[in-house]
Amino acid sequence: MTGWLATILIFLPLAGAVLVWLLPVGRFAGPTALLVALAEIGFWINALNQMNFDKAGPAPNFDQRWSWFSDLGVSYHVGFYGFSFWLAGLAVVVMAAAIAYGFWVGRDRPSAYFGLMLFLTSATVGVFASQDLLLFYVFFEAMMIPLYLLIGVWGGPGRLGATVKFVIYTMAGSLLMLASVIVFGLSEGSFDLVSTGTSDNTWIFLGFLVAFAVKAPLFPLHGWLPDAYRESSPEVAAVLSGLISKAAVFGFIRICLFKFPEPFDDFRVLVLALAATGLVYGSLLAFRAQDVRGVIAYSSLAQMGLITIGIFAVSTAGISGAVLQAVNHGLISATLFLLAGTIERRTSTGSFDRLGGMARGRPALATMLMLTGIIALAVPGSSAFAGEFLILLGVFGAGWGWAVAAATGIVLAAMYMLRLISAVLHREPGSAVSEVALDLRPAELGILVPLVACLLALSAWPAAISGHVLGPSISPGAPQERHLTRPNDQPPEGRMDMVTMGPGR
Amino acid sequence: MIAAAWVCLFSPLAAAVLITLGGTRFPRRLTGYLATASVVVAFVAAVVDFFAVINRGDSDQQQISTAWTWLSAGSFNVGLSVLVDPLSVFMMLIVTGVGALIVGYSVGYMDGEDEERRYFAYMALFVFSMLLLVQGGNLLMLLIGWGLVGLSSYLLIGYHHERPAAVAAAKKAFIMNAVGDATMALAFFLLIQRTGSLSFQSSFDWAGGETGTWAVNLVALGLLGGAVAKSAQLPLQTWLPDAMEGPTPVSALIHAATMVTAGVYLLVRAAPIFEAAKHVQELAAGLGAATLVMAGLIALVQTDIKRVIAYSTMSQIGYMFLGAGLGAYANAMFLLMAHAFFKALLFLSAGIVIHALAGEQDMRRMGGLRRYLPNTYWAFLIGALALAGIPPLAGFFAKDSILASALAAGTYGQILFVVGVLGTFLTGLYAFRMVFLVFGGEPTPFVQEHLHRPDRSEPWLWMGAAVAVLSVLSVIGGWVQVPGAWSLVSDFLAPTVESVVEASGSQEFLASLCAVTLGAAGIALAWAVFSTRRLRVPEARAVRTVLEHKFYFDELYDAIFYRPSVLLAVALRDWVERPLVLGSIGGIGAVARKASSELRGVQTGLVRTYALAIAGSVTVLAFVFVWVK
């Protein structure tokens, strides 16, 4: 079965979705979807047991390849590298939490809703598993369709405007990417990511870069973000910021970095500048945001900037930190959005001027928000600290100025996160906070505690992810070997340690 | 030895986790006992380590034990490891010993509080963090402990979270410390770039070969940034007085005895780096000297009893920085220990006063308390005398050893010596101003109103015991190191750090003479002004205003950091985000809607139109494919 695990992980939720759509499950759609999502986690853990992070050779784990359109060089080719496997793990966990939350709150037209959520799971895992560009594009698009519907149909009052913006931005990105995919595949004679070589075509690279920059989002392409995060239901916002943005992380590493090393180098400084701007800009806006979701939304912009900095630092530390931080941020922002949902359910508002004093009589809510908040602001010892430390270490080699800018962003993170915590939990109770204390219910705890437990486990051992991101598997057969490590006795040069070759370079 | 170190580290963490998970299932009192017991266990483990270190030969007094690899990326690995050597054991003893007394005191002090459980969970978390800081086996573990004590400090300052002042003070403390954390992290990046690791040994070896280079100076500067933030020295000192919003035992443990002295620990621990960066080390001494005078002056005009003690803490840490910066490491650690005793004593006695007066902290409303709280008066007096450096109390031996070292440290040291001696005068003055205002004179109406009830008299077992033990320690704590006779602290720490300055007998004598004379003069002046009222406080309105505004540091930082960042954020939001980023797409959306309504005409419903469209698209695509290929 080992060889099939990637395929199983992709298609199990799809099968669940079809089941939920076609069978008259009615109000059992939620539990069914949740069961499927939990089974998916089980399969992922099974895969984790069998994952060989030190696999030699360019082929990924659970490699599976069938020719699809053989004359065009298109194939169904899936498998996981270290970094994509962690992102898939993030996907199954966040989706399970989102489905559980949706089920607990109760959504209209449950079979449609939960079917879409399962479909989304399938597509997201597919994105992270793809080793063929056209297949990647298919999953990438398949991921967007349920999101349009989930925001546009089940969102808040301003959902239509939010959806239109979201569609326009992502469509523009997707079209550019489609052009790039086609041109790359045709010029290489194959769409396979493992067997094809690298390309130095700047235009193809830019198509991918812009598509992923929209998805991340990277400043200034984040126009869709505030509305989408505000108008969707909490669990969709959690998925959107926690998970969907990570497709960009995958794309930056798997495609931009490993397939286009030279254009990547050419645009490195530009992207670093944009990401650093986004980091500081997002942090400042989060610091002045007037509601809970505003803070989380702009902090996501800042965090994605930071993660991008890690990737474009092009060093082992930077990329390891970026992947670790991608998982951290996924868990953190999912938890925060779900918490925002529980707060909104209790007060029917997320606006700071009507909140406050919620800590009194609600120890569970206070503990959860406090814990997630302090992990989010990267208090030393937390997994987010580990990720940010590695990212900054990585970018320090590329130029200490970047590290200073990023460090500024991190101090700002402390400012906006503490402001969020205080505005919700501390001071006198706000006008929307009722005297009748309603703490988190057991069901809500059942959803949130596992997410926070994942964060705490990662805080105890962040090396679990950061030490298993690239592995030696990625290097062999490389045309030009860059340094993975620098011997201690050598004087340092510009960048501290360069990442080795990408898959299939 | 190593097992005891791990027990010492994790026992308070276990208590914190247990209390959090137990929640309301635990009776309130139990959480206090649990926290105290865990710190006592840690203390016992530290004592075990102490004897283990003493009984070992000089050669292997340093042991590092790694539990697992905490962080790794490529060839860069950092383990979760603890270090047992004389310096860490010295700090472990202070942290757990004083910590156990103060946590025990809190059982009495916090009795009847609404959220006692939360308090004790935070306290235990703090002790764990502080132990991680002093036991950390590499620089990253030290930084993690460093950050976690900042976090616990934030949580405890903001313990009364319904008070806006407490919340604001907590945030301020956290953010100023985050600035320090950031400079430390940047220093670490440079270190990693140069040495590929964060172990103490490799960093120190590297520094040894790089004496005076810009790299080692930058590393030292980054570390110093962290140290001044944590220890509330110039220029990152403004958070400490505000931190007094926390409950009094918190001020005693965190903002006096242990956490704020972490900067001194860092200066001593990373001594090889600072010695390679001589100018930065001298800068540390200079900042310490400037802080000790500034804080002493501000303390003169404070009216809140806890703030006076807070400024005296800043001032005393200034002495420690002065000592460590001049290379008198053992003497700095000696003052750190003595200060932990008498400052904890002062805070805990002040806590009894505040408790008795139902939370009142304004000294102008106090007076004559000697009559109602005689035992507390004696305890407080011992603390104040020790603070002022009157022999034979702990502060005398410790502070004078630093001043003597300053005399021995060349011209720069002698300049700082003059500043330090001036500081002893201020110390005597502000300490006894406080003593006379609170305990001297006739009871004020406010005091009489609060103390005629029997339940508000002298305290009960838990609080009394801690204060009694600390009183004894404040008296005898200094006797471990008597110039000319024995030097237990220096000898014990010698395997880790050798002091680079050694004062001669005559320098010791001169320093003691100056310090005691001026300290006593300060006390005499305080007596004349605040007790007998023979002298009047000079008006000097301008000076007073400057002091009351704490030299305008808060206003300055507000004007150059906080306000501009708020303005920038608002400007970005109103002039960039809304009109450009969000607005533009609104325009695109409108266009798209219009276009789509016109495109609706294309939906003819005729199959042949669709077929034509599909055929057309396919043709275009085919052309594209062929052309590209």
# chains A, B, ... in the order shown; residues from 1 in each chain; ligands from 1
>>> residues_around(residues="segment 298-306 of chain B", least_positions_apart="4", cutoff="6 Å", atoms="only C-alpha atoms", output="ChimeraX atom specification")
/B:311,361-363,430,547
>>> interface_residues(of="chain A", to="chain B", cutoff="8 Å", atoms="only C-alpha atoms", output="MDAnalysis selection string")
chainID A and resid 161 164:165 168 183 186:187 220:224 281 284:285 287:288 316:317 320:321 357 379:381 386 389:390 392:393 396:397 403:404 407 411 414:415 418 422 426:428 460:463 466:467 484:485 488 491:492 496
>>> write_last_selection(atoms="C-alpha atoms", output="mmCIF file, in the first residue's frame")
data_model
loop_
_atom_site.group_PDB
_atom_site.id
_atom_site.type_symbol
_atom_site.label_atom_id
_atom_site.label_comp_id
_atom_site.auth_asym_id
_atom_site.auth_seq_id
_atom_site.Cartn_x
_atom_site.Cartn_y
_atom_site.Cartn_z
ATOM 1 C CA GLY A 161 -18.102 41.958 -3.139
ATOM 2 C CA VAL A 164 -15.770 39.199 -6.832
ATOM 3 C CA LYS A 165 -12.481 40.641 -5.661
ATOM 4 C CA ILE A 168 -10.645 38.625 -10.113
ATOM 5 C CA VAL A 183 4.931 27.254 -22.332
ATOM 6 C CA LEU A 186 5.836 22.511 -24.401
ATOM 7 C CA SER A 187 9.344 23.859 -24.424
ATOM 8 C CA PRO A 220 0.840 44.837 -2.884
ATOM 9 C CA LEU A 221 -1.270 42.035 -4.371
ATOM 10 C CA HIS A 222 -3.326 41.545 -1.220
ATOM 11 C CA GLY A 223 -6.360 43.593 -2.220
ATOM 12 C CA TRP A 224 -8.623 40.551 -1.941
ATOM 13 C CA TYR A 281 3.167 47.156 6.292
ATOM 14 C CA LEU A 284 1.480 48.250 11.095
ATOM 15 C CA LEU A 285 -2.014 47.811 9.678
ATOM 16 C CA PHE A 287 -1.593 47.249 14.849
ATOM 17 C CA ARG A 288 -4.278 49.750 13.898
ATOM 18 C CA THR A 316 19.062 25.953 4.221
ATOM 19 C CA ALA A 317 18.171 27.780 7.424
ATOM 20 C CA SER A 320 13.724 25.170 6.756
ATOM 21 C CA GLY A 321 12.463 28.065 8.814
ATOM 22 C CA GLY A 357 -12.937 41.941 29.749
ATOM 23 C CA VAL A 379 7.781 34.321 22.256
ATOM 24 C CA PRO A 380 11.171 32.604 22.549
ATOM 25 C CA GLY A 381 10.694 28.885 22.985
ATOM 26 C CA ALA A 386 11.973 28.645 16.083
ATOM 27 C CA PHE A 389 14.733 32.487 14.169
ATOM 28 C CA LEU A 390 15.701 30.250 11.264
ATOM 29 C CA LEU A 392 16.073 35.548 10.123
ATOM 30 C CA LEU A 393 19.227 33.493 10.380
ATOM 31 C CA PHE A 396 20.997 37.391 7.700
ATOM 32 C CA GLY A 397 23.387 35.619 5.356
ATOM 33 C CA ALA A 403 17.328 40.602 9.120
ATOM 34 C CA VAL A 404 17.012 43.959 10.856
ATOM 35 C CA ALA A 407 13.329 41.798 13.373
ATOM 36 C CA VAL A 411 8.733 43.528 17.514
ATOM 37 C CA ALA A 414 4.397 41.676 19.752
ATOM 38 C CA MET A 415 2.630 45.036 19.669
ATOM 39 C CA LEU A 418 -0.738 41.996 22.758
ATOM 40 C CA SER A 422 -5.888 42.957 25.724
ATOM 41 C CA HIS A 426 -8.622 42.535 29.485
ATOM 42 C CA ARG A 427 -9.902 45.765 30.991
ATOM 43 C CA GLU A 428 -13.534 46.301 31.839
ATOM 44 C CA ALA A 460 8.858 21.275 22.269
ATOM 45 C CA TRP A 461 10.471 19.890 19.139
ATOM 46 C CA PRO A 462 10.535 22.269 16.169
ATOM 47 C CA ALA A 463 13.439 20.282 14.707
ATOM 48 C CA SER A 466 12.922 22.144 10.396
ATOM 49 C CA GLY A 467 15.342 19.224 10.306
ATOM 50 C CA LEU A 484 24.667 23.074 1.780
ATOM 51 C CA THR A 485 27.064 23.556 4.630
ATOM 52 C CA ASN A 488 33.512 26.031 10.244
ATOM 53 C CA PRO A 491 35.923 32.512 6.365
ATOM 54 C CA PRO A 492 32.332 33.420 5.674
ATOM 55 C CA MET A 496 26.096 31.747 4.814
#
>>> select_by_dssp(residues="segment 315-422 of chain A", states="alpha helix (DSSP H)", output="PDB file with C-alpha atoms, in the first residue's frame")
ATOM      1  CA  THR A 316      19.062  25.953   4.221  1.00  0.00           C
ATOM      2  CA  ALA A 317      18.171  27.780   7.424  1.00  0.00           C
ATOM      3  CA  GLY A 318      15.846  30.170   5.606  1.00  0.00           C
ATOM      4  CA  ILE A 319      13.911  27.491   3.763  1.00  0.00           C
ATOM      5  CA  SER A 320      13.724  25.170   6.756  1.00  0.00           C
ATOM      6  CA  GLY A 321      12.463  28.065   8.814  1.00  0.00           C
ATOM      7  CA  ALA A 322       9.997  29.076   6.117  1.00  0.00           C
ATOM      8  CA  VAL A 323       8.449  25.614   5.988  1.00  0.00           C
ATOM      9  CA  LEU A 324       8.329  25.379   9.764  1.00  0.00           C
ATOM     10  CA  GLN A 325       6.785  28.825   9.926  1.00  0.00           C
ATOM     11  CA  ALA A 326       4.296  27.930   7.199  1.00  0.00           C
ATOM     12  CA  VAL A 327       3.034  25.084   9.346  1.00  0.00           C
ATOM     13  CA  ASN A 328       3.078  27.281  12.447  1.00  0.00           C
ATOM     14  CA  HIS A 329       1.235  30.087  10.779  1.00  0.00           C
ATOM     15  CA  GLY A 330      -1.294  27.669   9.343  1.00  0.00           C
ATOM     16  CA  LEU A 331      -2.102  26.300  12.764  1.00  0.00           C
ATOM     17  CA  ILE A 332      -1.974  29.696  14.461  1.00  0.00           C
ATOM     18  CA  SER A 333      -4.185  31.580  12.076  1.00  0.00           C
ATOM     19  CA  ALA A 334      -6.644  28.699  11.846  1.00  0.00           C
ATOM     20  CA  THR A 335      -6.883  28.657  15.623  1.00  0.00           C
ATOM     21  CA  LEU A 336      -7.204  32.418  15.800  1.00  0.00           C
ATOM     22  CA  PHE A 337      -9.945  32.573  13.182  1.00  0.00           C
ATOM     23  CA  LEU A 338     -11.896  29.799  14.898  1.00  0.00           C
ATOM     24  CA  LEU A 339     -11.433  31.638  18.188  1.00  0.00           C
ATOM     25  CA  ALA A 340     -12.663  34.806  16.492  1.00  0.00           C
ATOM     26  CA  GLY A 341     -15.678  32.769  15.471  1.00  0.00           C
ATOM     27  CA  THR A 342     -16.357  31.666  19.038  1.00  0.00           C
ATOM     28  CA  ILE A 343     -15.977  35.268  20.222  1.00  0.00           C
ATOM     29  CA  GLU A 344     -18.359  36.516  17.540  1.00  0.00           C
ATOM     30  CA  ARG A 345     -20.890  33.871  18.524  1.00  0.00           C
ATOM     31  CA  ARG A 346     -20.847  35.140  22.092  1.00  0.00           C
ATOM     32  CA  THR A 347     -20.903  38.860  21.397  1.00  0.00           C
ATOM     33  CA  PRO A 363     -10.786  30.776  31.785  1.00  0.00           C
ATOM     34  CA  ALA A 364     -10.806  28.317  28.881  1.00  0.00           C
ATOM     35  CA  LEU A 365     -11.381  30.999  26.262  1.00  0.00           C
ATOM     36  CA  ALA A 366      -8.779  33.227  27.890  1.00  0.00           C
ATOM     37  CA  THR A 367      -6.212  30.441  28.083  1.00  0.00           C
ATOM     38  CA  MET A 368      -6.728  29.445  24.458  1.00  0.00           C
ATOM     39  CA  LEU A 369      -6.513  32.992  23.106  1.00  0.00           C
ATOM     40  CA  MET A 370      -3.566  33.821  25.331  1.00  0.00           C
ATOM     41  CA  LEU A 371      -1.647  30.681  24.382  1.00  0.00           C
ATOM     42  CA  THR A 372      -2.248  31.081  20.665  1.00  0.00           C
ATOM     43  CA  GLY A 373      -1.516  34.793  20.841  1.00  0.00           C
ATOM     44  CA  ILE A 374       1.795  34.413  22.601  1.00  0.00           C
ATOM     45  CA  ILE A 375       2.860  31.645  20.253  1.00  0.00           C
ATOM     46  CA  ALA A 376       1.823  33.870  17.351  1.00  0.00           C
ATOM     47  CA  SER A 383       7.523  26.959  17.483  1.00  0.00           C
ATOM     48  CA  ALA A 384       6.913  30.306  15.811  1.00  0.00           C
ATOM     49  CA  PHE A 385      10.056  31.615  17.459  1.00  0.00           C
ATOM     50  CA  ALA A 386      11.973  28.645  16.083  1.00  0.00           C
ATOM     51  CA  GLY A 387      10.637  29.302  12.591  1.00  0.00           C
ATOM     52  CA  GLU A 388      11.295  33.023  12.701  1.00  0.00           C
ATOM     53  CA  PHE A 389      14.733  32.487  14.169  1.00  0.00           C
ATOM     54  CA  LEU A 390      15.701  30.250  11.264  1.00  0.00           C
ATOM     55  CA  ILE A 391      14.193  32.605   8.702  1.00  0.00           C
ATOM     56  CA  LEU A 392      16.073  35.548  10.123  1.00  0.00           C
ATOM     57  CA  LEU A 393      19.227  33.493  10.380  1.00  0.00           C
ATOM     58  CA  GLY A 394      18.816  32.508   6.759  1.00  0.00           C
ATOM     59  CA  VAL A 395      18.236  36.017   5.519  1.00  0.00           C
ATOM     60  CA  PHE A 396      20.997  37.391   7.700  1.00  0.00           C
ATOM     61  CA  GLY A 397      23.387  35.619   5.356  1.00  0.00           C
ATOM     62  CA  ALA A 398      21.810  37.383   2.393  1.00  0.00           C
ATOM     63  CA  TRP A 400      21.965  41.863   7.580  1.00  0.00           C
ATOM     64  CA  GLY A 401      19.666  44.715   6.569  1.00  0.00           C
ATOM     65  CA  TRP A 402      16.935  42.204   5.730  1.00  0.00           C
ATOM     66  CA  ALA A 403      17.328  40.602   9.120  1.00  0.00           C
ATOM     67  CA  VAL A 404      17.012  43.959  10.856  1.00  0.00           C
ATOM     68  CA  ALA A 405      13.858  44.775   8.879  1.00  0.00           C
ATOM     69  CA  ALA A 406      12.408  41.379   9.716  1.00  0.00           C
ATOM     70  CA  ALA A 407      13.329  41.798  13.373  1.00  0.00           C
ATOM     71  CA  THR A 408      11.440  45.102  13.370  1.00  0.00           C
ATOM     72  CA  GLY A 409       8.447  43.244  12.025  1.00  0.00           C
ATOM     73  CA  ILE A 410       8.711  40.802  14.885  1.00  0.00           C
ATOM     74  CA  VAL A 411       8.733  43.528  17.514  1.00  0.00           C
ATOM     75  CA  LEU A 412       5.657  44.973  15.791  1.00  0.00           C
ATOM     76  CA  ALA A 413       4.082  41.518  15.985  1.00  0.00           C
ATOM     77  CA  ALA A 414       4.397  41.676  19.752  1.00  0.00           C
ATOM     78  CA  MET A 415       2.630  45.036  19.669  1.00  0.00           C
ATOM     79  CA  TYR A 416      -0.379  43.983  17.619  1.00  0.00           C
ATOM     80  CA  MET A 417      -0.819  40.579  19.233  1.00  0.00           C
ATOM     81  CA  LEU A 418      -0.738  41.996  22.758  1.00  0.00           C
ATOM     82  CA  ARG A 419      -3.188  44.650  21.627  1.00  0.00           C
ATOM     83  CA  LEU A 420      -5.525  41.952  20.323  1.00  0.00           C
ATOM     84  CA  ILE A 421      -5.265  39.935  23.530  1.00  0.00           C
ATOM     85  CA  SER A 422      -5.888  42.957  25.724  1.00  0.00           C
TER      86      SER A 422
END
>>> residues_around(residues="Ala5 of chain B", least_positions_apart="4", cutoff="10 Å", atoms="only C-alpha atoms", output="list in words")
Met1, Leu9, Phe10, Ala42, Ala45, Ala46, Val47, Val48, Asp49, Ser65, Val82, Leu83, Val84, Ser88, Val89, Met92, Leu131 and Gln135 of chain B
>>> write_last_selection(atoms="C-alpha atoms", output="PDB file, in the first residue's frame")
ATOM      1  CA  MET B   1      24.365  16.055  39.298  1.00  0.00           C
ATOM      2  CA  LEU B   9      14.394  22.780  35.885  1.00  0.00           C
ATOM      3  CA  PHE B  10      11.216  20.845  35.275  1.00  0.00           C
ATOM      4  CA  ALA B  42      13.868  22.683  42.780  1.00  0.00           C
ATOM      5  CA  ALA B  45      17.886  19.769  43.651  1.00  0.00           C
ATOM      6  CA  ALA B  46      19.972  22.934  43.385  1.00  0.00           C
ATOM      7  CA  VAL B  47      21.553  22.199  46.766  1.00  0.00           C
ATOM      8  CA  VAL B  48      22.374  18.689  45.561  1.00  0.00           C
ATOM      9  CA  ASP B  49      24.065  20.203  42.540  1.00  0.00           C
ATOM     10  CA  SER B  65      23.550  17.491  29.193  1.00  0.00           C
ATOM     11  CA  VAL B  82      21.339  22.310  30.519  1.00  0.00           C
ATOM     12  CA  LEU B  83      24.653  23.396  31.888  1.00  0.00           C
ATOM     13  CA  VAL B  84      25.826  22.744  35.407  1.00  0.00           C
ATOM     14  CA  SER B  88      24.703  28.320  37.013  1.00  0.00           C
ATOM     15  CA  VAL B  89      24.489  26.556  40.377  1.00  0.00           C
ATOM     16  CA  MET B  92      19.957  28.250  40.688  1.00  0.00           C
ATOM     17  CA  LEU B 131      15.932  28.416  35.703  1.00  0.00           C
ATOM     18  CA  GLN B 135      20.815  26.677  33.326  1.00  0.00           C
TER      19      GLN B 135
END
>>> atom_distance(atom1="atom CA of Ser531 of chain B", atom2="atom CA of Tyr377 of chain B")
15.1 Å
>>> residues_around(residues="Val236 of chain A", least_positions_apart="6", cutoff="12 Å", atoms="only C-alpha atoms", output="NGL selection string")
:A and (94-102 or 107 or 113-114 or 116-117 or 120-121 or 146-156 or 228-230 or 242-244 or 333-335 or 337-338 or 341)
>>> residues_around(residues="Gly395 of chain B", least_positions_apart="6", cutoff="6 Å", atoms="only C-alpha atoms", output="number ranges by chain")
B: 386-387, 389
>>> closest_residue(among="B:Ala262, B:Val472, B:Ala227, B:Ala243", to="Met91 of chain B", atoms="only C-alpha atoms")
B:Ala262
>>> residues_around(residues="Trp66 of chain A", least_positions_apart="6", cutoff="12 Å", atoms="only C-alpha atoms", output="list in words")
Thr7, Gly73, Val74, Ser75, Tyr76, His77, Val78, Gln131, Asp132, Leu135 and Asp192 of chain A
>>> write_last_selection(atoms="N, CA and C atoms", output="PDB file, in the first residue's frame")
ATOM      1  N   THR A   7      -1.667   8.898  -3.388  1.00  0.00           N
ATOM      2  CA  THR A   7      -2.933   8.847  -4.122  1.00  0.00           C
ATOM      3  C   THR A   7      -4.116   8.704  -3.165  1.00  0.00           C
ATOM      4  N   GLY A  73       3.373  14.738 -22.955  1.00  0.00           N
ATOM      5  CA  GLY A  73       4.247  14.614 -21.791  1.00  0.00           C
ATOM      6  C   GLY A  73       3.546  14.947 -20.493  1.00  0.00           C
ATOM      7  N   VAL A  74       2.222  14.747 -20.474  1.00  0.00           N
ATOM      8  CA  VAL A  74       1.471  14.999 -19.248  1.00  0.00           C
ATOM      9  C   VAL A  74       1.262  13.670 -18.539  1.00  0.00           C
ATOM     10  N   SER A  75       1.456  13.663 -17.253  1.00  0.00           N
ATOM     11  CA  SER A  75       1.240  12.417 -16.527  1.00  0.00           C
ATOM     12  C   SER A  75       0.600  12.721 -15.175  1.00  0.00           C
ATOM     13  N   TYR A  76      -0.032  11.675 -14.639  1.00  0.00           N
ATOM     14  CA  TYR A  76      -0.460  11.762 -13.243  1.00  0.00           C
ATOM     15  C   TYR A  76       0.732  11.341 -12.426  1.00  0.00           C
ATOM     16  N   HIS A  77       1.400  12.295 -11.794  1.00  0.00           N
ATOM     17  CA  HIS A  77       2.622  11.992 -11.059  1.00  0.00           C
ATOM     18  C   HIS A  77       2.534  12.663  -9.692  1.00  0.00           C
ATOM     19  N   VAL A  78       2.497  11.830  -8.655  1.00  0.00           N
ATOM     20  CA  VAL A  78       2.372  12.397  -7.313  1.00  0.00           C
ATOM     21  C   VAL A  78       3.449  11.821  -6.409  1.00  0.00           C
ATOM     22  N   GLN A 131       3.536  16.230  -8.846  1.00  0.00           N
ATOM     23  CA  GLN A 131       4.883  16.279  -9.409  1.00  0.00           C
ATOM     24  C   GLN A 131       4.811  16.470 -10.917  1.00  0.00           C
ATOM     25  N   ASP A 132       3.657  16.944 -11.362  1.00  0.00           N
ATOM     26  CA  ASP A 132       3.487  17.237 -12.783  1.00  0.00           C
ATOM     27  C   ASP A 132       2.827  18.601 -12.873  1.00  0.00           C
ATOM     28  N   LEU A 135      -0.921  18.705 -13.778  1.00  0.00           N
ATOM     29  CA  LEU A 135      -1.697  18.161 -12.672  1.00  0.00           C
ATOM     30  C   LEU A 135      -1.765  19.196 -11.537  1.00  0.00           C
ATOM     31  N   ASP A 192       6.472  16.970 -16.525  1.00  0.00           N
ATOM     32  CA  ASP A 192       6.883  16.308 -15.290  1.00  0.00           C
ATOM     33  C   ASP A 192       7.879  17.189 -14.526  1.00  0.00           C
TER      34      ASP A 192
END
>>> residues_around(residues="Ala295 of chain B", least_positions_apart="6", cutoff="10 Å", atoms="only C-alpha atoms", output="list of chain:residue names")
B:Gln233, B:Leu234, B:Gln237, B:Val308, B:Ala310, B:Tyr311, B:Ser312, B:Thr313, B:Met314, B:Ser315, B:Gln316, B:Gly318, B:Gly423, B:Leu426, B:Thr427, B:Leu547, B:Lys550, B:Phe551
>>> atom_distance(atom1="atom CA of Gly251 of chain A", atom2="atom CA of Phe264 of chain A")
12.5 Å
>>> atom_distance(atom1="atom CA of Leu385 of chain B", atom2="atom CA of Ala229 of chain B")
28.3 Å
>>> decode(residues="segment 267-279 of chain B", atoms="N, CA and C atoms", output="PDB file, in the first residue's frame")
ATOM      1  N   LEU B 267      26.158  39.391  31.464  1.00  0.00           N
ATOM      2  CA  LEU B 267      27.472  40.033  31.375  1.00  0.00           C
ATOM      3  C   LEU B 267      28.561  39.118  31.916  1.00  0.00           C
ATOM      4  N   VAL B 268      28.219  38.381  32.974  1.00  0.00           N
ATOM      5  CA  VAL B 268      29.227  37.515  33.583  1.00  0.00           C
ATOM      6  C   VAL B 268      29.387  36.233  32.782  1.00  0.00           C
ATOM      7  N   ARG B 269      28.262  35.670  32.365  1.00  0.00           N
ATOM      8  CA  ARG B 269      28.312  34.424  31.610  1.00  0.00           C
ATOM      9  C   ARG B 269      29.075  34.615  30.304  1.00  0.00           C
ATOM     10  N   ALA B 270      28.804  35.707  29.623  1.00  0.00           N
ATOM     11  CA  ALA B 270      29.448  35.940  28.328  1.00  0.00           C
ATOM     12  C   ALA B 270      30.699  36.790  28.485  1.00  0.00           C
ATOM     13  N   ALA B 271      31.315  36.721  29.658  1.00  0.00           N
ATOM     14  CA  ALA B 271      32.490  37.553  29.930  1.00  0.00           C
ATOM     15  C   ALA B 271      33.559  37.439  28.847  1.00  0.00           C
ATOM     16  N   PRO B 272      33.860  36.226  28.325  1.00  0.00           N
ATOM     17  CA  PRO B 272      34.911  36.171  27.295  1.00  0.00           C
ATOM     18  C   PRO B 272      34.576  37.022  26.075  1.00  0.00           C
ATOM     19  N   ILE B 273      33.294  37.112  25.730  1.00  0.00           N
ATOM     20  CA  ILE B 273      32.922  37.944  24.584  1.00  0.00           C
ATOM     21  C   ILE B 273      33.108  39.417  24.926  1.00  0.00           C
ATOM     22  N   PHE B 274      32.665  39.778  26.125  1.00  0.00           N
ATOM     23  CA  PHE B 274      32.783  41.193  26.492  1.00  0.00           C
ATOM     24  C   PHE B 274      34.240  41.597  26.684  1.00  0.00           C
ATOM     25  N   GLU B 275      35.045  40.654  27.129  1.00  0.00           N
ATOM     26  CA  GLU B 275      36.460  41.011  27.302  1.00  0.00           C
ATOM     27  C   GLU B 275      37.132  41.215  25.960  1.00  0.00           C
ATOM     28  N   ALA B 276      36.640  40.509  24.948  1.00  0.00           N
ATOM     29  CA  ALA B 276      37.191  40.720  23.616  1.00  0.00           C
ATOM     30  C   ALA B 276      36.687  42.027  23.017  1.00  0.00           C
ATOM     31  N   ALA B 277      35.609  42.555  23.570  1.00  0.00           N
ATOM     32  CA  ALA B 277      35.051  43.818  23.081  1.00  0.00           C
ATOM     33  C   ALA B 277      35.116  44.818  24.225  1.00  0.00           C
ATOM     34  N   LYS B 278      36.330  45.280  24.486  1.00  0.00           N
ATOM     35  CA  LYS B 278      36.594  46.070  25.688  1.00  0.00           C
ATOM     36  C   LYS B 278      35.707  47.313  25.776  1.00  0.00           C
ATOM     37  N   HIS B 279      35.502  47.957  24.620  1.00  0.00           N
ATOM     38  CA  HIS B 279      34.752  49.208  24.669  1.00  0.00           C
ATOM     39  C   HIS B 279      33.303  48.971  25.042  1.00  0.00           C
TER      40      HIS B 279
END
